[in-house]
Every structure is written in C-alpha cells, then in structure tokens.
$ cat model_38.pdb   # PDB, C-alpha atoms and all ligand atoms
MODEL        1
ATOM      1  CA  MET J  43       4.315   2.200   2.884  1.00  0.00           C
ATOM      2  CA  LYS J  44       5.499   5.750   2.275  1.00  0.00           C
ATOM      3  CA  ARG J  45       4.863   6.987  -1.240  1.00  0.00           C
ATOM      4  CA  ARG J  46       7.962   8.561  -2.801  1.00  0.00           C
ATOM      5  CA  THR J  47       8.154  11.483  -5.155  1.00  0.00           C
ATOM      6  CA  GLU J  48       9.778  10.961  -8.541  1.00  0.00           C
ATOM      7  CA  ALA J  49      12.812  13.059  -7.477  1.00  0.00           C
ATOM      8  CA  GLU J  50      13.288  10.863  -4.390  1.00  0.00           C
ATOM      9  CA  ALA J  51      12.985   7.717  -6.531  1.00  0.00           C
ATOM     10  CA  VAL J  52      15.598   9.017  -8.998  1.00  0.00           C
ATOM     11  CA  ARG J  53      17.979   9.884  -6.139  1.00  0.00           C
ATOM     12  CA  ILE J  54      17.509   6.393  -4.612  1.00  0.00           C
ATOM     13  CA  PHE J  55      18.105   4.806  -8.030  1.00  0.00           C
ATOM     14  CA  LYS J  56      21.300   6.794  -8.620  1.00  0.00           C
ATOM     15  CA  ASP J  57      22.555   5.964  -5.109  1.00  0.00           C
ATOM     16  CA  ALA J  58      21.740   2.272  -5.682  1.00  0.00           C
ATOM     17  CA  VAL J  59      23.558   2.216  -9.032  1.00  0.00           C
ATOM     18  CA  ARG J  60      26.627   3.868  -7.447  1.00  0.00           C
ATOM     19  CA  ALA J  61      26.508   1.221  -4.699  1.00  0.00           C
ATOM     20  CA  GLY J  62      26.130  -1.561  -7.289  1.00  0.00           C
ATOM     21  CA  GLN J  63      22.576  -2.428  -6.145  1.00  0.00           C
ATOM     22  CA  PRO J  64      20.239  -1.337  -8.968  1.00  0.00           C
ATOM     23  CA  ASP J  65      17.580  -3.879  -7.911  1.00  0.00           C
ATOM     24  CA  LEU J  66      16.593  -1.537  -5.052  1.00  0.00           C
ATOM     25  CA  PHE J  67      14.906   0.589  -7.714  1.00  0.00           C
ATOM     26  CA  ALA J  68      12.274  -2.021  -8.566  1.00  0.00           C
ATOM     27  CA  VAL J  69       9.329  -0.848  -6.450  1.00  0.00           C
ATOM     28  CA  SER J  70      10.207   2.800  -5.723  1.00  0.00           C
ATOM     29  CA  VAL J  71       9.043   4.659  -8.814  1.00  0.00           C
ATOM     30  CA  PRO J  72       5.601   6.270  -8.643  1.00  0.00           C
ATOM     31  CA  VAL J  73       3.486   5.520 -11.690  1.00  0.00           C
ATOM     32  CA  SER J  74       0.869   7.732 -13.274  1.00  0.00           C
ATOM     33  CA  HIS J  75      -2.591   6.277 -12.751  1.00  0.00           C
ATOM     34  CA  SER J  76      -4.089   8.077 -15.740  1.00  0.00           C
ATOM     35  CA  ALA J  77      -4.803   4.740 -17.447  1.00  0.00           C
ATOM     36  CA  VAL J  78      -7.029   3.479 -14.605  1.00  0.00           C
ATOM     37  CA  GLY J  79     -10.528   2.998 -15.984  1.00  0.00           C
ATOM     38  CA  LEU J  80      -9.246   2.327 -19.487  1.00  0.00           C
ATOM     39  CA  ALA J  81     -11.533  -0.003 -21.472  1.00  0.00           C
ATOM     40  CA  VAL J  82      -9.812  -3.091 -22.851  1.00  0.00           C
ATOM     41  CA  GLN J  83     -11.058  -5.788 -25.227  1.00  0.00           C
ATOM     42  CA  LEU J  84      -9.558  -9.191 -24.442  1.00  0.00           C
ATOM     43  CA  PRO J  85      -9.025 -12.136 -26.844  1.00  0.00           C
ATOM     44  CA  SER J  86     -11.223 -14.380 -24.671  1.00  0.00           C
ATOM     45  CA  GLN J  87     -14.662 -13.953 -23.155  1.00  0.00           C
ATOM     46  CA  CYS J  88     -15.533 -13.833 -19.486  1.00  0.00           C
ATOM     47  CA  GLN J  89     -17.927 -16.466 -18.095  1.00  0.00           C
ATOM     48  CA  CYS J  90     -20.685 -13.842 -18.466  1.00  0.00           C
ATOM     49  CA  GLY J  91     -19.952 -13.529 -22.218  1.00  0.00           C
ATOM     50  CA  SER J  92     -18.271 -10.104 -22.190  1.00  0.00           C
ATOM     51  CA  ALA J  93     -14.883  -9.731 -23.884  1.00  0.00           C
ATOM     52  CA  ASN J  94     -14.376  -6.277 -22.368  1.00  0.00           C
ATOM     53  CA  ALA J  95     -12.448  -5.418 -19.216  1.00  0.00           C
ATOM     54  CA  ALA J  96     -11.629  -2.281 -17.261  1.00  0.00           C
ATOM     55  CA  LEU J  97      -8.122  -1.451 -16.061  1.00  0.00           C
ATOM     56  CA  CYS J  98      -8.151  -1.060 -12.276  1.00  0.00           C
ATOM     57  CA  THR J  99      -5.489  -0.351  -9.673  1.00  0.00           C
ATOM     58  CA  GLY J 100      -3.751  -3.601  -8.741  1.00  0.00           C
ATOM     59  CA  THR J 101      -2.297  -4.868  -5.502  1.00  0.00           C
ATOM     60  CA  GLY J 102       1.059  -6.247  -4.385  1.00  0.00           C
ATOM     61  CA  LEU J 103       3.425  -6.975  -7.258  1.00  0.00           C
ATOM     62  CA  TYR J 104       1.047  -5.813  -9.968  1.00  0.00           C
ATOM     63  CA  PRO J 105       0.183  -2.128 -10.445  1.00  0.00           C
ATOM     64  CA  GLY J 106      -2.922  -2.987 -12.449  1.00  0.00           C
ATOM     65  CA  LYS J 107      -5.570  -5.635 -12.911  1.00  0.00           C
ATOM     66  CA  LEU J 108      -8.309  -6.236 -15.440  1.00  0.00           C
ATOM     67  CA  LYS J 109     -11.866  -6.578 -14.219  1.00  0.00           C
ATOM     68  CA  CYS J 110     -14.998  -7.525 -16.151  1.00  0.00           C
ATOM     69  CA  PRO J 111     -17.254  -4.441 -16.276  1.00  0.00           C
ATOM     70  CA  LYS J 112     -20.362  -6.634 -16.540  1.00  0.00           C
ATOM     71  CA  CYS J 113     -19.968  -9.148 -13.685  1.00  0.00           C
ATOM     72  CA  GLY J 114     -16.864  -7.878 -11.837  1.00  0.00           C
ATOM     73  CA  LYS J 115     -14.800 -11.060 -12.323  1.00  0.00           C
ATOM     74  CA  HIS J 116     -10.993 -10.748 -12.263  1.00  0.00           C
ATOM     75  CA  ARG J 117      -9.687 -11.129 -15.849  1.00  0.00           C
ATOM     76  CA  GLY J 118      -5.928 -10.785 -15.345  1.00  0.00           C
ATOM     77  CA  TRP J 119      -2.978  -8.850 -13.973  1.00  0.00           C
ATOM     78  CA  VAL J 120      -1.100  -6.019 -15.682  1.00  0.00           C
ATOM     79  CA  SER J 121       2.695  -5.869 -15.411  1.00  0.00           C
ATOM     80  CA  HIS J 122       4.648  -2.741 -14.445  1.00  0.00           C
ATOM     81  CA  LYS J 123       5.964  -2.468 -18.005  1.00  0.00           C
ATOM     82  CA  THR J 124       2.495  -2.644 -19.576  1.00  0.00           C
ATOM     83  CA  PHE J 125       0.951  -0.356 -16.941  1.00  0.00           C
ATOM     84  CA  ARG J 126       3.650   2.293 -17.504  1.00  0.00           C
ATOM     85  CA  PHE J 127       3.216   2.008 -21.283  1.00  0.00           C
ATOM     86  CA  LEU J 128      -0.561   2.482 -21.020  1.00  0.00           C
ATOM     87  CA  ALA J 129      -0.203   5.375 -18.556  1.00  0.00           C
ATOM     88  CA  SER J 130       2.375   7.187 -20.701  1.00  0.00           C
ATOM     89  CA  THR J 131       0.223   6.667 -23.809  1.00  0.00           C
ATOM     90  CA  VAL J 132      -2.859   8.079 -22.060  1.00  0.00           C
ATOM     91  CA  ASP J 133      -0.780  10.955 -20.628  1.00  0.00           C
ATOM     92  CA  HIS J 134       0.452  11.799 -24.121  1.00  0.00           C
ATOM     93  CA  PHE J 135      -2.628  11.198 -26.285  1.00  0.00           C
ATOM     94  CA  GLY J 136      -5.535  11.099 -23.802  1.00  0.00           C
ATOM     95  CA  LYS J 137      -7.873   8.170 -23.168  1.00  0.00           C
ATOM     96  CA  PRO J 138      -9.023   6.418 -26.337  1.00  0.00           C
ATOM     97  CA  THR J 139     -12.746   6.541 -27.136  1.00  0.00           C
ATOM     98  CA  GLU J 140     -12.865   2.830 -28.008  1.00  0.00           C
ATOM     99  CA  PRO J 141     -11.563  -0.207 -26.033  1.00  0.00           C
ATOM    100  CA  VAL J 142      -7.881  -1.058 -26.470  1.00  0.00           C
ATOM    101  CA  LEU J 143      -7.610  -4.397 -28.280  1.00  0.00           C
ATOM    102  CA  VAL J 144      -5.394  -6.908 -26.461  1.00  0.00           C
ATOM    103  CA  ARG J 145      -4.094  -9.795 -28.539  1.00  0.00           C
ATOM    104  CA  ALA J 146      -2.944 -13.155 -27.163  1.00  0.00           C
ATOM    105  CA  GLY J 147       0.598 -13.179 -25.792  1.00  0.00           C
ATOM    106  CA  ALA J 148       3.397 -14.949 -27.672  1.00  0.00           C
ATOM    107  CA  ASP J 149       3.106 -17.967 -25.351  1.00  0.00           C
ATOM    108  CA  GLU J 150      -0.650 -18.271 -25.946  1.00  0.00           C
ATOM    109  CA  GLN J 151      -0.615 -18.503 -29.752  1.00  0.00           C
TER
HETATM  110 ZN    ZN I 201     -17.927 -11.068 -16.714  1.00  0.00          ZN
ENDMDL
END
$ encode --input "model_38.pdb" --output "structure tokens" --more "lines below"
Ligand SMILES: [Zn+2]
Amino acid sequence: MKRRTEAEAVRIFKDAVRAGQPDLFAVSVPVSHSAVGLAVQLPSQCQCGSANAALCTGTGLYPGKLKCPKCGKHRGWVSHKTFRFLASTVDHFGKPTEPVLVRAGADEQ
C-alpha cells in the first residue's frame, strides 16, 4: 500500500467531502510514530506478573498494540484516536520518563 503524505491525505479528504464521501478519509492519514516504544502501565497484570507494556506498531485496523516487555505477550490493541493522542502528546512534550498509567475503560468498571 502506497504511503501518502499529509498534503495528499488532506486533498483526498477535501475531495471526498465535496463528493459527499467523507468515509474515504478513514485510513489515508499518516500518523506520527513518535509514541512507539512508550512505556504503559496497565490496570491488569500479564500472566508473567508484569503490569507494564510497551506501545508497538500495530497491524491492519489498529495503528498500535501493547506488548509485555517481560515475556512478549500481546496485551491489547490501540485505537487510531488513542494512538494519535499519544503521538501528538509525545510530539509536543517529549516521551515521559515514567510509564503512562492506563485506567480501566468505562465498560470495564
Ligand atoms: Zn508478560
């Protein structure tokens, strides 16, 4: 799959909106990968006992995934919205020196 520049993605989005097809925009925008490698602390422990995870590049529908740094087990997927938020935060403030604390989602409480 050809990787698009941000300018190309914006042009495609504007053309799609004019044509009444904004859903074409969904997978075209390049995302900063500055958050890859970010340390995350999850609300649950891995089978190896570690509550930490590392943000890695995802596949398919998910731009990111969480992987246990101790045993390598998959700990979860990261949505586009969350991945963009983390990337923009790291771009703006730099990588944090301590793991980012992830709390349980609203449906898990
Ligand atoms: Zn583990």
$ resolve_selection --input "model_38.pdb" --expression "the PyMOL selection byres (((chain J and resi 86) around 12) and not hetatm)" --output "ChimeraX atom specification"
/J:82-85,87-95,110,117-118,143-147,150
$ resolve_selection --input "model_38.pdb" --expression "the PyMOL selection byres (((chain J and resi 126-135) around 10) and not hetatm)" --output "list in words"
Pro72, Val73, Ser74, His75, Ser76, Ala77, Val78, Leu80, Leu97, Pro105, Gly106, Val120, Ser121, His122, Lys123, Thr124, Phe125, Gly136, Lys137, Pro138 and Val142 of chain J
$ write_last_selection --input "model_38.pdb" --atoms "C-alpha atoms" --output "tab-separated table (two decimals), in the coordinates of the input"
chain	number	residue	atom	x	y	z
J	72	PRO	CA	5.60	6.27	-8.64
J	73	VAL	CA	3.49	5.52	-11.69
J	74	SER	CA	0.87	7.73	-13.27
J	75	HIS	CA	-2.59	6.28	-12.75
J	76	SER	CA	-4.09	8.08	-15.74
J	77	ALA	CA	-4.80	4.74	-17.45
J	78	VAL	CA	-7.03	3.48	-14.60
J	80	LEU	CA	-9.25	2.33	-19.49
J	97	LEU	CA	-8.12	-1.45	-16.06
J	105	PRO	CA	0.18	-2.13	-10.44
J	106	GLY	CA	-2.92	-2.99	-12.45
J	120	VAL	CA	-1.10	-6.02	-15.68
J	121	SER	CA	2.70	-5.87	-15.41
J	122	HIS	CA	4.65	-2.74	-14.44
J	123	LYS	CA	5.96	-2.47	-18.00
J	124	THR	CA	2.50	-2.64	-19.58
J	125	PHE	CA	0.95	-0.36	-16.94
J	136	GLY	CA	-5.54	11.10	-23.80
J	137	LYS	CA	-7.87	8.17	-23.17
J	138	PRO	CA	-9.02	6.42	-26.34
J	142	VAL	CA	-7.88	-1.06	-26.47
$ closest_residue --input "model_38.pdb" --among "J:Gly114, J:Ala81, J:Pro141, J:Trp119" --to "Gly100 (chain J)" --atoms "all atoms listed in the file"
J:Trp119
$ atom_distance --input "model_38.pdb" --atom1 "CA of His116 (chain J)" --atom2 "CA of Tyr104 (chain J)"
13.2 Å
$ closest_residue --input "model_38.pdb" --among "J:Asp57, J:Lys115, J:Glu48, J:Lys107" --to "ligand ZN 201 (chain I)" --atoms "only C-alpha atoms and all ligand atoms"
J:Lys115
